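Data file: data07.pdb. Format and content: PDB, C-alpha atoms.
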ATOM      1  CA  MET O  61      91.045 158.257 174.228
ATOM      2  CA  ASN O  62      89.950 158.836 177.792
ATOM      3  CA  ILE O  63      88.588 156.741 180.578
ATOM      4  CA  ASN O  64      85.342 157.833 182.118
ATOM      5  CA  THR O  65      81.809 156.625 182.523
ATOM      6  CA  HIS O  66      80.038 159.308 180.543
ATOM      7  CA  GLN O  67      77.277 157.782 178.390
ATOM      8  CA  SER O  68      77.324 158.956 174.787
ATOM      9  CA  SER O  69      76.428 158.005 171.245
ATOM     10  CA  ASN O  70      78.567 159.102 168.382
ATOM     11  CA  PRO O  71      77.009 159.747 164.964
ATOM     12  CA  LEU O  72      80.475 159.543 163.400
ATOM     13  CA  LEU O  73      80.683 155.830 164.169
ATOM     14  CA  THR O  74      79.244 153.412 161.630
ATOM     15  CA  LEU O  75      79.340 149.671 161.592
ATOM     16  CA  SER O  76      80.552 148.404 158.212
ATOM     17  CA  GLN O  77      79.257 145.252 156.571
ATOM     18  CA  ASP O  78      82.598 143.560 157.246
ATOM     19  CA  GLY O  79      82.033 144.032 160.966
ATOM     20  CA  TYR O  80      84.603 146.771 161.445
ATOM     21  CA  ILE O  81      83.865 150.181 162.901
ATOM     22  CA  ARG O  82      85.821 152.774 160.987
ATOM     23  CA  VAL O  83      86.984 155.693 163.081
ATOM     24  CA  THR O  84      89.313 158.537 162.247
ATOM     25  CA  GLN O  85      92.319 159.156 164.438
ATOM     26  CA  SER O  86      90.952 162.460 165.617
ATOM     27  CA  VAL O  87      87.533 161.060 166.562
ATOM     28  CA  LEU O  88      89.079 158.069 168.280
ATOM     29  CA  LYS O  89      91.032 160.306 170.605
ATOM     30  CA  THR O  90      87.766 161.739 171.931
ATOM     31  CA  ILE O  91      86.050 158.437 172.747
ATOM     32  CA  ALA O  92      86.027 157.249 176.333
ATOM     33  CA  LEU O  93      86.565 153.623 177.245
ATOM     34  CA  LYS O  94      85.334 151.737 180.257
ATOM     35  CA  HIS O  95      86.566 148.490 181.691
ATOM     36  CA  LEU O  96      84.595 145.334 180.854
ATOM     37  CA  ASP O  97      86.581 142.390 182.150
ATOM     38  CA  SER O  98      90.079 141.315 183.078
ATOM     39  CA  GLY O  99      91.545 138.028 184.094
ATOM     40  CA  ILE O 100      94.666 136.020 184.656
ATOM     41  CA  TYR O 101      95.627 133.227 182.300
ATOM     42  CA  ASP O 102      95.634 130.011 184.251
ATOM     43  CA  ASP O 103      98.758 128.625 182.705
ATOM     44  CA  PRO O 104     101.783 130.446 184.150
ATOM     45  CA  VAL O 105     104.740 130.916 181.818
ATOM     46  CA  ALA O 106     108.008 129.606 183.198
ATOM     47  CA  ILE O 107     110.860 132.092 182.796
ATOM     48  CA  HIS O 108     114.419 130.797 182.988
ATOM     49  CA  HIS O 109     116.691 133.497 184.344
ATOM     50  CA  ASN O 110     120.263 132.574 185.218
ATOM     51  CA  GLN O 111     119.689 129.333 187.069
ATOM     52  CA  ASN O 112     116.405 130.339 188.574
ATOM     53  CA  ILE O 113     112.957 129.601 187.270
ATOM     54  CA  THR O 114     110.179 132.063 187.970
ATOM     55  CA  CYS O 115     106.603 132.130 186.809
ATOM     56  CA  GLU O 116     105.392 135.044 184.734
ATOM     57  CA  VAL O 117     101.835 136.129 185.480
ATOM     58  CA  THR O 118      99.943 137.053 182.341
ATOM     59  CA  GLY O 119      96.361 137.894 181.546
ATOM     60  CA  TYR O 120      93.917 139.800 179.425
ATOM     61  CA  THR O 121      91.840 142.921 179.762
ATOM     62  CA  GLU O 122      88.784 144.045 177.798
ATOM     63  CA  TRP O 123      87.492 147.607 177.362
ATOM     64  CA  ILE O 124      84.489 149.038 175.543
ATOM     65  CA  SER O 125      83.188 152.425 174.560
ATOM     66  CA  GLU O 126      79.793 153.669 175.631
ATOM     67  CA  THR O 127      78.894 154.596 172.095
ATOM     68  CA  ILE O 128      76.562 152.869 169.678
ATOM     69  CA  PRO O 129      77.917 150.825 167.999
ATOM     70  CA  LEU O 130      80.306 149.645 170.689
ATOM     71  CA  LEU O 131      84.017 149.874 170.184
ATOM     72  CA  SER O 132      85.796 146.884 171.650
ATOM     73  CA  ILE O 133      89.497 146.738 172.472
ATOM     74  CA  GLY O 134      91.246 143.973 174.363
ATOM     75  CA  TRP O 135      94.891 143.251 175.000
ATOM     76  CA  ASP O 136      97.169 140.909 176.885
ATOM     77  CA  TRP O 137      99.352 142.000 179.738
ATOM     78  CA  LYS O 138     102.077 140.677 181.959
ATOM     79  CA  LEU O 139     103.118 141.615 185.443
ATOM     80  CA  ASP O 140     106.489 143.275 185.106
ATOM     81  CA  TYR O 141     108.805 142.533 188.004
ATOM     82  CA  LYS O 142     111.750 144.399 186.606
ATOM     83  CA  LYS O 143     110.616 147.807 187.676
ATOM     84  CA  GLN O 144     110.866 148.964 191.266
ATOM     85  CA  SER O 145     107.245 148.057 191.842
ATOM     86  CA  LEU O 146     104.969 145.603 190.086
ATOM     87  CA  ALA O 147     103.445 146.994 186.932
ATOM     88  CA  TYR O 148     100.981 145.712 184.349
ATOM     89  CA  VAL O 149     102.558 145.976 180.913
ATOM     90  CA  MET O 150     100.767 145.432 177.609
ATOM     91  CA  THR O 151     102.183 142.576 175.530
ATOM     92  CA  GLY O 152     101.698 142.470 171.786
ATOM     93  CA  ASN O 153      99.167 144.443 169.834
ATOM     94  CA  PRO O 154      95.542 144.784 170.906
ATOM     95  CA  TYR O 155      92.505 143.026 169.453
ATOM     96  CA  SER O 156      89.674 145.193 168.245
ATOM     97  CA  ASN O 157      86.674 145.701 165.992
ATOM     98  CA  VAL O 158      88.050 149.129 165.071
ATOM     99  CA  ILE O 159      89.856 150.089 161.881
ATOM    100  CA  VAL O 160      91.539 153.429 162.297
ATOM    101  CA  GLN O 161      91.249 155.869 159.432
ATOM    102  CA  ASP O 162      93.415 158.827 158.656
ATOM    103  CA  ASN O 163      91.776 162.210 158.543
ATOM    104  CA  ASN O 164      91.007 161.704 154.842
ATOM    105  CA  PHE O 165      88.829 158.713 155.816
ATOM    106  CA  SER O 166      91.231 156.180 154.325
ATOM    107  CA  ASP O 167      91.753 152.956 156.259
ATOM    108  CA  LEU O 168      95.141 152.417 157.823
ATOM    109  CA  ASP O 169      96.395 148.923 157.186
ATOM    110  CA  GLN O 170      95.679 146.506 160.009
ATOM    111  CA  TYR O 171      99.210 146.713 161.415
ATOM    112  CA  ASP O 172      99.239 150.526 161.526
ATOM    113  CA  SER O 173      95.704 150.575 162.907
ATOM    114  CA  LEU O 174      96.655 148.294 165.781
ATOM    115  CA  ASN O 175      99.801 150.309 166.445
ATOM    116  CA  PHE O 176      97.720 153.452 166.683
ATOM    117  CA  LEU O 177      95.402 151.733 169.165
ATOM    118  CA  SER O 178      98.427 150.544 171.160
ATOM    119  CA  ASP O 179      99.702 154.095 171.428
ATOM    120  CA  LEU O 180      96.316 155.278 172.660
ATOM    121  CA  ILE O 181      96.116 152.493 175.227
ATOM    122  CA  ASN O 182      99.525 153.380 176.577
ATOM    123  CA  LYS O 183      98.320 156.922 177.200
ATOM    124  CA  ILE O 184      95.499 155.869 179.506
ATOM    125  CA  GLU O 185      95.760 154.775 183.106
ATOM    126  CA  TRP O 186      94.584 151.211 182.607
ATOM    127  CA  SER O 187      97.305 149.573 184.654
ATOM    128  CA  SER O 188      96.269 150.991 188.006
ATOM    129  CA  GLN O 189      92.608 150.217 187.323
ATOM    130  CA  ILE O 190      93.100 146.580 186.522
ATOM    131  CA  SER O 191      95.568 146.184 189.364
ATOM    132  CA  THR O 192      92.719 146.881 191.756
ATOM    133  CA  LEU O 193      90.262 144.750 189.794
ATOM    134  CA  ILE O 194      92.583 141.760 189.464
ATOM    135  CA  THR O 195      93.465 141.870 193.143
ATOM    136  CA  LYS O 196      89.789 141.951 194.054
ATOM    137  CA  LYS O 197      88.833 139.192 191.597
ATOM    138  CA  TYR O 198      91.510 136.735 192.683
ATOM    139  CA  SER O 199      91.898 137.482 196.383
TER     140      SER O 199
ATOM    141  CA  MET W 237      97.482 112.021 163.757
ATOM    142  CA  GLU W 238      94.634 112.206 161.296
ATOM    143  CA  PHE W 239      91.850 114.612 160.427
ATOM    144  CA  ILE W 240      88.422 113.295 159.539
ATOM    145  CA  GLU W 241      85.790 115.561 158.098
ATOM    146  CA  GLY W 242      82.251 115.178 156.923
ATOM    147  CA  ILE W 243      78.644 115.973 157.540
ATOM    148  CA  SER W 244      76.972 114.083 160.329
ATOM    149  CA  PRO W 245      75.240 111.319 158.276
ATOM    150  CA  ASN W 246      78.546 110.460 156.588
ATOM    151  CA  LEU W 247      80.429 109.842 159.832
ATOM    152  CA  PRO W 248      80.406 106.387 161.410
ATOM    153  CA  GLU W 249      78.203 106.079 164.487
ATOM    154  CA  HIS W 250      81.150 105.188 166.737
ATOM    155  CA  LEU W 251      83.032 108.304 165.615
ATOM    156  CA  ARG W 252      80.056 110.569 166.321
ATOM    157  CA  SER W 253      79.778 108.911 169.726
ATOM    158  CA  ASP W 254      83.487 109.507 170.454
ATOM    159  CA  LEU W 255      83.130 113.108 169.298
ATOM    160  CA  PHE W 256      80.227 113.920 171.617
ATOM    161  CA  LYS W 257      81.946 112.201 174.550
ATOM    162  CA  TYR W 258      85.098 114.201 173.863
ATOM    163  CA  ARG W 259      83.127 117.455 173.707
ATOM    164  CA  TYR W 260      81.483 116.576 177.022
ATOM    165  CA  ASN W 261      84.879 115.956 178.588
ATOM    166  CA  VAL W 262      86.252 119.240 177.304
ATOM    167  CA  PHE W 263      83.396 121.713 177.547
ATOM    168  CA  VAL W 264      81.422 120.375 180.518
ATOM    169  CA  GLU W 265      83.958 118.561 182.683
ATOM    170  CA  GLN W 266      87.145 120.500 181.995
ATOM    171  CA  LEU W 267      85.937 123.985 181.088
ATOM    172  CA  GLY W 268      82.841 123.885 183.283
ATOM    173  CA  TRP W 269      80.436 125.260 180.694
ATOM    174  CA  GLU W 270      76.879 125.016 181.947
ATOM    175  CA  LEU W 271      75.278 123.381 178.917
ATOM    176  CA  ASP W 272      71.879 121.743 178.691
ATOM    177  CA  THR W 273      73.093 118.398 177.452
ATOM    178  CA  PRO W 274      72.693 114.698 178.273
ATOM    179  CA  HIS W 275      75.157 113.318 180.809
ATOM    180  CA  GLY W 276      78.307 112.073 179.132
ATOM    181  CA  ARG W 277      77.518 113.506 175.663
ATOM    182  CA  GLU W 278      77.703 117.154 174.655
ATOM    183  CA  ILE W 279      75.178 117.645 171.883
ATOM    184  CA  ASP W 280      72.660 120.346 171.044
ATOM    185  CA  GLN W 281      70.144 121.443 168.410
ATOM    186  CA  PHE W 282      72.926 122.564 166.091
ATOM    187  CA  ASP W 283      74.253 119.013 165.759
ATOM    188  CA  HIS W 284      72.078 117.845 162.887
ATOM    189  CA  ASP W 285      72.318 116.331 159.429
ATOM    190  CA  GLU W 286      73.715 119.492 157.810
ATOM    191  CA  THR W 287      76.403 119.965 160.444
ATOM    192  CA  LEU W 288      79.932 119.608 159.137
ATOM    193  CA  TYR W 289      82.552 118.256 161.553
ATOM    194  CA  VAL W 290      86.321 118.226 161.525
ATOM    195  CA  ILE W 291      87.775 115.723 163.973
ATOM    196  CA  ALA W 292      91.431 115.207 164.915
ATOM    197  CA  ARG W 293      92.502 111.802 166.211
ATOM    198  CA  ASN W 294      95.839 110.554 167.490
ATOM    199  CA  ASP W 295      97.512 107.301 166.541
ATOM    200  CA  ARG W 296      95.463 105.465 169.175
ATOM    201  CA  LYS W 297      92.270 106.746 167.502
ATOM    202  CA  ASP W 298      91.469 108.989 170.468
ATOM    203  CA  VAL W 299      89.703 112.216 169.571
ATOM    204  CA  ILE W 300      92.110 115.058 170.397
ATOM    205  CA  GLY W 301      90.384 117.968 168.683
ATOM    206  CA  CYS W 302      87.245 118.989 166.888
ATOM    207  CA  ALA W 303      85.413 121.777 165.134
ATOM    208  CA  ARG W 304      81.782 122.252 164.207
ATOM    209  CA  LEU W 305      80.857 124.113 161.028
ATOM    210  CA  LEU W 306      77.357 125.287 160.232
ATOM    211  CA  PRO W 307      76.020 127.050 157.149
ATOM    212  CA  THR W 308      74.407 130.321 158.147
ATOM    213  CA  THR W 309      71.504 129.513 155.832
ATOM    214  CA  SER W 310      70.249 127.203 158.599
ATOM    215  CA  PRO W 311      69.750 128.202 162.235
ATOM    216  CA  TYR W 312      73.120 128.512 163.977
ATOM    217  CA  LEU W 313      74.527 129.222 167.408
ATOM    218  CA  LEU W 314      75.351 132.892 166.941
ATOM    219  CA  GLU W 315      71.981 133.621 165.400
ATOM    220  CA  GLU W 316      69.933 131.758 167.997
ATOM    221  CA  VAL W 317      71.894 132.216 171.208
ATOM    222  CA  PHE W 318      74.455 135.033 170.938
ATOM    223  CA  PRO W 319      73.245 137.572 168.326
ATOM    224  CA  GLU W 320      74.466 140.440 170.535
ATOM    225  CA  LEU W 321      78.051 139.395 169.769
ATOM    226  CA  LEU W 322      77.583 140.893 166.291
ATOM    227  CA  ASN W 323      77.305 144.355 167.823
ATOM    228  CA  GLY W 324      74.147 145.256 165.919
ATOM    229  CA  LEU W 325      75.198 143.953 162.498
ATOM    230  CA  PRO W 326      72.380 142.091 160.709
ATOM    231  CA  ILE W 327      72.622 138.336 161.265
ATOM    232  CA  PRO W 328      74.431 136.767 158.285
ATOM    233  CA  LYS W 329      72.275 134.372 156.249
ATOM    234  CA  SER W 330      74.348 133.398 153.243
ATOM    235  CA  SER W 331      75.727 130.232 151.694
ATOM    236  CA  ASP W 332      79.209 131.777 151.652
ATOM    237  CA  VAL W 333      79.258 132.552 155.377
ATOM    238  CA  TRP W 334      79.737 129.618 157.737
ATOM    239  CA  GLU W 335      79.928 129.471 161.502
ATOM    240  CA  LEU W 336      82.745 127.827 163.437
ATOM    241  CA  SER W 337      81.915 126.702 166.964
ATOM    242  CA  ARG W 338      82.868 124.033 169.513
ATOM    243  CA  PHE W 339      86.456 124.384 168.364
ATOM    244  CA  THR W 340      88.955 122.769 170.695
ATOM    245  CA  SER W 341      92.124 120.751 170.636
ATOM    246  CA  MET W 342      92.415 119.925 174.283
ATOM    247  CA  ASP W 343      94.341 116.682 174.686
ATOM    248  CA  ILE W 344      92.503 115.170 177.606
ATOM    249  CA  ALA W 345      94.658 112.072 177.797
ATOM    250  CA  ASN W 346      97.854 114.077 178.193
ATOM    251  CA  GLY W 347      97.116 116.821 180.750
ATOM    252  CA  PRO W 348      97.757 118.847 182.811
ATOM    253  CA  LEU W 349      94.700 120.874 181.925
ATOM    254  CA  VAL W 350      93.947 124.422 182.857
ATOM    255  CA  LYS W 351      90.723 126.372 182.613
ATOM    256  CA  ASN W 352      91.492 128.452 179.558
ATOM    257  CA  ALA W 353      93.473 125.825 177.687
ATOM    258  CA  GLN W 354      90.819 125.142 175.099
ATOM    259  CA  PHE W 355      93.423 125.691 172.390
ATOM    260  CA  SER W 356      96.318 124.089 174.170
ATOM    261  CA  THR W 357      98.077 121.617 171.963
ATOM    262  CA  GLU W 358     100.286 121.528 168.922
ATOM    263  CA  VAL W 359      97.328 120.148 166.982
ATOM    264  CA  THR W 360      95.510 123.447 167.287
ATOM    265  CA  LEU W 361      96.907 125.394 164.345
ATOM    266  CA  ASP W 362      96.612 122.463 161.967
ATOM    267  CA  LEU W 363      93.056 121.817 163.092
ATOM    268  CA  LEU W 364      92.145 125.464 162.657
ATOM    269  CA  LYS W 365      93.581 125.693 159.148
ATOM    270  CA  HIS W 366      92.019 122.374 158.236
ATOM    271  CA  SER W 367      88.629 123.545 159.494
ATOM    272  CA  ILE W 368      88.764 126.785 157.505
ATOM    273  CA  ARG W 369      89.801 124.952 154.339
ATOM    274  CA  CYS W 370      87.025 122.436 154.909
ATOM    275  CA  ALA W 371      84.410 125.190 155.158
ATOM    276  CA  GLN W 372      85.891 126.765 152.036
ATOM    277  CA  GLN W 373      85.363 123.504 150.149
ATOM    278  CA  TYR W 374      81.683 123.744 151.057
ATOM    279  CA  GLY W 375      81.463 127.280 149.679
ATOM    280  CA  ALA W 376      82.518 129.489 152.588
ATOM    281  CA  LYS W 377      84.210 132.787 151.797
ATOM    282  CA  ARG W 378      84.024 134.053 155.361
ATOM    283  CA  ILE W 379      83.687 132.318 158.681
ATOM    284  CA  ILE W 380      82.169 133.767 161.800
ATOM    285  CA  SER W 381      83.382 132.003 164.918
ATOM    286  CA  VAL W 382      81.869 131.925 168.374
ATOM    287  CA  SER W 383      84.733 131.268 170.746
ATOM    288  CA  PRO W 384      86.620 132.392 173.832
ATOM    289  CA  ILE W 385      89.071 135.221 173.157
ATOM    290  CA  GLY W 386      91.871 132.676 172.843
ATOM    291  CA  ILE W 387      90.817 132.210 169.228
ATOM    292  CA  GLU W 388      92.149 135.681 168.377
ATOM    293  CA  ARG W 389      95.553 134.824 169.837
ATOM    294  CA  LEU W 390      95.571 131.611 167.877
ATOM    295  CA  LEU W 391      94.581 133.262 164.603
ATOM    296  CA  ARG W 392      97.237 135.919 164.988
ATOM    297  CA  LYS W 393      99.864 133.307 165.817
ATOM    298  CA  ALA W 394      98.914 131.464 162.631
ATOM    299  CA  GLY W 395      99.132 134.663 160.580
ATOM    300  CA  ILE W 396      95.461 134.413 159.647
ATOM    301  CA  LYS W 397      93.730 137.754 159.160
ATOM    302  CA  ALA W 398      90.701 138.000 161.400
ATOM    303  CA  HIS W 399      88.982 140.483 163.642
ATOM    304  CA  ARG W 400      86.386 140.488 166.356
ATOM    305  CA  ALA W 401      82.845 141.486 165.443
ATOM    306  CA  GLY W 402      82.147 143.265 168.679
ATOM    307  CA  PRO W 403      82.716 143.240 172.403
ATOM    308  CA  PRO W 404      82.935 139.986 174.338
ATOM    309  CA  LYS W 405      80.109 138.624 176.424
ATOM    310  CA  ILE W 406      81.142 137.158 179.757
ATOM    311  CA  ILE W 407      79.942 133.557 179.977
ATOM    312  CA  ASP W 408      80.774 131.480 183.076
ATOM    313  CA  GLY W 409      83.427 134.026 183.967
ATOM    314  CA  TYR W 410      85.229 134.027 180.617
ATOM    315  CA  PRO W 411      84.853 136.392 177.662
ATOM    316  CA  LEU W 412      83.267 134.954 174.524
ATOM    317  CA  ILE W 413      83.527 136.735 171.167
ATOM    318  CA  ALA W 414      82.403 136.477 167.590
ATOM    319  CA  CYS W 415      85.314 136.681 165.196
ATOM    320  CA  TRP W 416      85.363 137.197 161.419
ATOM    321  CA  ILE W 417      87.832 135.044 159.489
ATOM    322  CA  GLU W 418      88.508 135.468 155.769
ATOM    323  CA  CYS W 419      88.845 132.119 153.981
ATOM    324  CA  ASP W 420      90.809 133.359 150.984
ATOM    325  CA  GLN W 421      94.272 133.716 152.484
ATOM    326  CA  ASP W 422      97.558 132.256 151.259
ATOM    327  CA  VAL W 423      98.530 131.279 154.783
ATOM    328  CA  LEU W 424      95.738 128.713 154.858
ATOM    329  CA  THR W 425      97.247 126.687 152.047
ATOM    330  CA  ALA W 426     100.837 126.935 153.279
TER     331      ALA W 426
END
Any chance you could give the structure as C-alpha cells?
Amino acid sequence: MNINTHQSSNPLLTLSQDGYIRVTQSVLKTIALKHLDSGIYDDPVAIHHNQNITCEVTGYTEWISETIPLLSIGWDWKLDYKKQSLAYVMTGNPYSNVIVQDNNFSDLDQYDSLNFLSDLINKIEWSSQISTLITKKYS
Amino acid sequence: MEFIEGISPNLPEHLRSDLFKYRYNVFVEQLGWELDTPHGREIDQFDHDETLYVIARNDRKDVIGCARLLPTTSPYLLEEVFPELLNGLPIPKSSDVWELSRFTSMDIANGPLVKNAQFSTEVTLDLLKHSIRCAQQYGAKRIISVSPIGIERLLRKAGIKAHRAGPPKIIDGYPLIACWIECDQDVLTA
C-alpha cells in the first residue's frame, strides 16, 4: 500500500452484499491511500507515572483509496513521548470496510484481516503527514 | 437505571417530550449539530408512528440515553440523507434490516462534557446491547447504524462484530459513518 494522489479504478475490487470489499493481499499492496481526515479526541487520558500525572493526546485518522468502490481505513493514534522526539503511534487495530483475502481468494478471519491492514499501515509514512495536518488544524 | 422501549404511539406523552428535549440538549446544544429542528426539541421526519425508541433513565427519571430504530421498509435517515455512506451498495429495503440512529448516552446532568463524548457513560454498552436486542425482537437480523466513528470503538469494546460500510463523511467537522451490525451474536445475550 502506497500513499499518492494518483486517480485509479480497480476492476479487481467488488463490493459484496454484506458491505465488505474483498481484496487479496497482493492487490491490496498496490492500492494507494490518501488522507481524508484526522482529529484529536477532546477528552485527554490521564496517565499516572510515578507520582506525576500527564495527559496523553490521542486521536483518529481516516484514509481512503481513490478506487471505485472506495476502500476506507481508519485507526486511532497516540502521541508517543517516550521516543526522543514526538511520534504518532497507532493504537489498536484499524477499522475498515475491507476483508483481506489470501491469494486463493479465501477470506482471512476478521482478526487476521485487521492485522494484515495494521502491518500495511505501519509501512506507510502516515505519521509525518498527520503531524503536519494536526498541527495546522489545531493551531 | 431502567430501559424503556416501544414505538412512538405506545410511549407516554411526557416521556416522548423528555426524549426530544434530551436529544436537543445532546445533539444541538452539546455536540453542535446543525439540525433543522424546533427550539428545545430535536425531532425530524423520521420520528413517526413506526419509530421504535429505546430510552435509558436514571433513578430520578432523567433521560440519560436513547436510541432510535427504524425499519428500512419505510424511509430512513441513511436512505434519505446519507446514501453515499453505503459506498455504492444498493439501499437496503428489507424487514430484517433496521437502522440505528440518534444513539447517545451522554449524561447531561453529570458532566463534564466534551465534543466527541456522545458515547461517554457506563450506560452506553448496556444501551447498545439493549437496542440491538430490541430491534431483533422486531425482526432485525442486521442493523445499519448512522453514527460518528465512536460507534466502532464502542462495538469493538463490547465484542460485537461489526464493520463500516464505507468511508466517513465529515459533518460539522466530525466523521460520520454507516456501520453494519449483525444481530445474531452470543455477546448480545451475555
Which residues, written as a VMD selection string, have at least one atom at most 10 Å from O:Val83, with all atoms listed in the file counted and residues fewer than 4 positions away on the same chain left out? chain O and resid 72 to 75 87 to 89 131 158 to 163 165 to 167
Check which residues satisfy the PyMOL selection byres ((chain W) within 12 of (chain O)) in the file shown, then give them as a PDB file with C-alpha atoms, in the frame of the given file.
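In the end it all went to expr_37.pdb:
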ATOM      1  CA  LEU W 267      85.937 123.985 181.088  1.00  0.00           C
ATOM      2  CA  GLU W 320      74.466 140.440 170.535  1.00  0.00           C
ATOM      3  CA  LEU W 321      78.051 139.395 169.769  1.00  0.00           C
ATOM      4  CA  LEU W 322      77.583 140.893 166.291  1.00  0.00           C
ATOM      5  CA  ASN W 323      77.305 144.355 167.823  1.00  0.00           C
ATOM      6  CA  GLY W 324      74.147 145.256 165.919  1.00  0.00           C
ATOM      7  CA  LEU W 325      75.198 143.953 162.498  1.00  0.00           C
ATOM      8  CA  PRO W 326      72.380 142.091 160.709  1.00  0.00           C
ATOM      9  CA  ILE W 327      72.622 138.336 161.265  1.00  0.00           C
ATOM     10  CA  PRO W 328      74.431 136.767 158.285  1.00  0.00           C
ATOM     11  CA  VAL W 333      79.258 132.552 155.377  1.00  0.00           C
ATOM     12  CA  PRO W 348      97.757 118.847 182.811  1.00  0.00           C
ATOM     13  CA  LEU W 349      94.700 120.874 181.925  1.00  0.00           C
ATOM     14  CA  VAL W 350      93.947 124.422 182.857  1.00  0.00           C
ATOM     15  CA  LYS W 351      90.723 126.372 182.613  1.00  0.00           C
ATOM     16  CA  ASN W 352      91.492 128.452 179.558  1.00  0.00           C
ATOM     17  CA  ALA W 353      93.473 125.825 177.687  1.00  0.00           C
ATOM     18  CA  GLN W 354      90.819 125.142 175.099  1.00  0.00           C
ATOM     19  CA  PHE W 355      93.423 125.691 172.390  1.00  0.00           C
ATOM     20  CA  SER W 356      96.318 124.089 174.170  1.00  0.00           C
ATOM     21  CA  ARG W 378      84.024 134.053 155.361  1.00  0.00           C
ATOM     22  CA  ILE W 379      83.687 132.318 158.681  1.00  0.00           C
ATOM     23  CA  ILE W 380      82.169 133.767 161.800  1.00  0.00           C
ATOM     24  CA  PRO W 384      86.620 132.392 173.832  1.00  0.00           C
ATOM     25  CA  ILE W 385      89.071 135.221 173.157  1.00  0.00           C
ATOM     26  CA  GLY W 386      91.871 132.676 172.843  1.00  0.00           C
ATOM     27  CA  ILE W 387      90.817 132.210 169.228  1.00  0.00           C
ATOM     28  CA  GLU W 388      92.149 135.681 168.377  1.00  0.00           C
ATOM     29  CA  ARG W 389      95.553 134.824 169.837  1.00  0.00           C
ATOM     30  CA  LEU W 390      95.571 131.611 167.877  1.00  0.00           C
ATOM     31  CA  LEU W 391      94.581 133.262 164.603  1.00  0.00           C
ATOM     32  CA  ARG W 392      97.237 135.919 164.988  1.00  0.00           C
ATOM     33  CA  LYS W 393      99.864 133.307 165.817  1.00  0.00           C
ATOM     34  CA  LYS W 397      93.730 137.754 159.160  1.00  0.00           C
ATOM     35  CA  ALA W 398      90.701 138.000 161.400  1.00  0.00           C
ATOM     36  CA  HIS W 399      88.982 140.483 163.642  1.00  0.00           C
ATOM     37  CA  ARG W 400      86.386 140.488 166.356  1.00  0.00           C
ATOM     38  CA  ALA W 401      82.845 141.486 165.443  1.00  0.00           C
ATOM     39  CA  GLY W 402      82.147 143.265 168.679  1.00  0.00           C
ATOM     40  CA  PRO W 403      82.716 143.240 172.403  1.00  0.00           C
ATOM     41  CA  PRO W 404      82.935 139.986 174.338  1.00  0.00           C
ATOM     42  CA  LYS W 405      80.109 138.624 176.424  1.00  0.00           C
ATOM     43  CA  ILE W 406      81.142 137.158 179.757  1.00  0.00           C
ATOM     44  CA  ILE W 407      79.942 133.557 179.977  1.00  0.00           C
ATOM     45  CA  GLY W 409      83.427 134.026 183.967  1.00  0.00           C
ATOM     46  CA  TYR W 410      85.229 134.027 180.617  1.00  0.00           C
ATOM     47  CA  PRO W 411      84.853 136.392 177.662  1.00  0.00           C
ATOM     48  CA  LEU W 412      83.267 134.954 174.524  1.00  0.00           C
ATOM     49  CA  ILE W 413      83.527 136.735 171.167  1.00  0.00           C
ATOM     50  CA  ALA W 414      82.403 136.477 167.590  1.00  0.00           C
ATOM     51  CA  CYS W 415      85.314 136.681 165.196  1.00  0.00           C
ATOM     52  CA  TRP W 416      85.363 137.197 161.419  1.00  0.00           C
ATOM     53  CA  ILE W 417      87.832 135.044 159.489  1.00  0.00           C
ATOM     54  CA  GLU W 418      88.508 135.468 155.769  1.00  0.00           C
TER      55      GLU W 418
END
As a check of understanding: the span from atom CA of W:Val290 to atom CA of W:His366 is 7.8 Å
Residues at most 12 Å from W:Asp362, counting only C-alpha atoms, excluding those fewer than 3 positions away in the same chain, as a PyMOL selection string? chain W and resi 237-239+290-292+301-303+340-341+355+357-359+365-370+390-391+393-394+423-426
Could those residues be written to a file, using C-alpha atoms, as a compact mmCIF listing (two decimals), in the coordinates of the input?
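selection.txt, written as the output of this step:
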# COMPACT_ATOMS: atom_id res chain seq x y z
CA MET W 237 97.48 112.02 163.76
CA GLU W 238 94.63 112.21 161.30
CA PHE W 239 91.85 114.61 160.43
CA VAL W 290 86.32 118.23 161.52
CA ILE W 291 87.78 115.72 163.97
CA ALA W 292 91.43 115.21 164.92
CA GLY W 301 90.38 117.97 168.68
CA CYS W 302 87.24 118.99 166.89
CA ALA W 303 85.41 121.78 165.13
CA THR W 340 88.96 122.77 170.70
CA SER W 341 92.12 120.75 170.64
CA PHE W 355 93.42 125.69 172.39
CA THR W 357 98.08 121.62 171.96
CA GLU W 358 100.29 121.53 168.92
CA VAL W 359 97.33 120.15 166.98
CA LYS W 365 93.58 125.69 159.15
CA HIS W 366 92.02 122.37 158.24
CA SER W 367 88.63 123.54 159.49
CA ILE W 368 88.76 126.78 157.50
CA ARG W 369 89.80 124.95 154.34
CA CYS W 370 87.02 122.44 154.91
CA LEU W 390 95.57 131.61 167.88
CA LEU W 391 94.58 133.26 164.60
CA LYS W 393 99.86 133.31 165.82
CA ALA W 394 98.91 131.46 162.63
CA VAL W 423 98.53 131.28 154.78
CA LEU W 424 95.74 128.71 154.86
CA THR W 425 97.25 126.69 152.05
CA ALA W 426 100.84 126.94 153.28
One decimal, in Å: what's the spacing between atom CA of O:Asn164 and atom CA of O:Gln85? 10.0 Å
Which neighbours of O:Ser187 fall inside 8 Å, counting all atoms listed in the file, when residues of the same chain fewer than 2 positions from it are skipped, and could you give them as an NGL selection string? :O and (147-149 or 185 or 189-191)
Which residue, W:Ser331, W:Asp295, W:Thr309, W:Met342, has the smallest gap to W:Tyr260 when you use all atoms listed in the file?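 The answer is W:Met342, which sits nearest to W:Tyr260.
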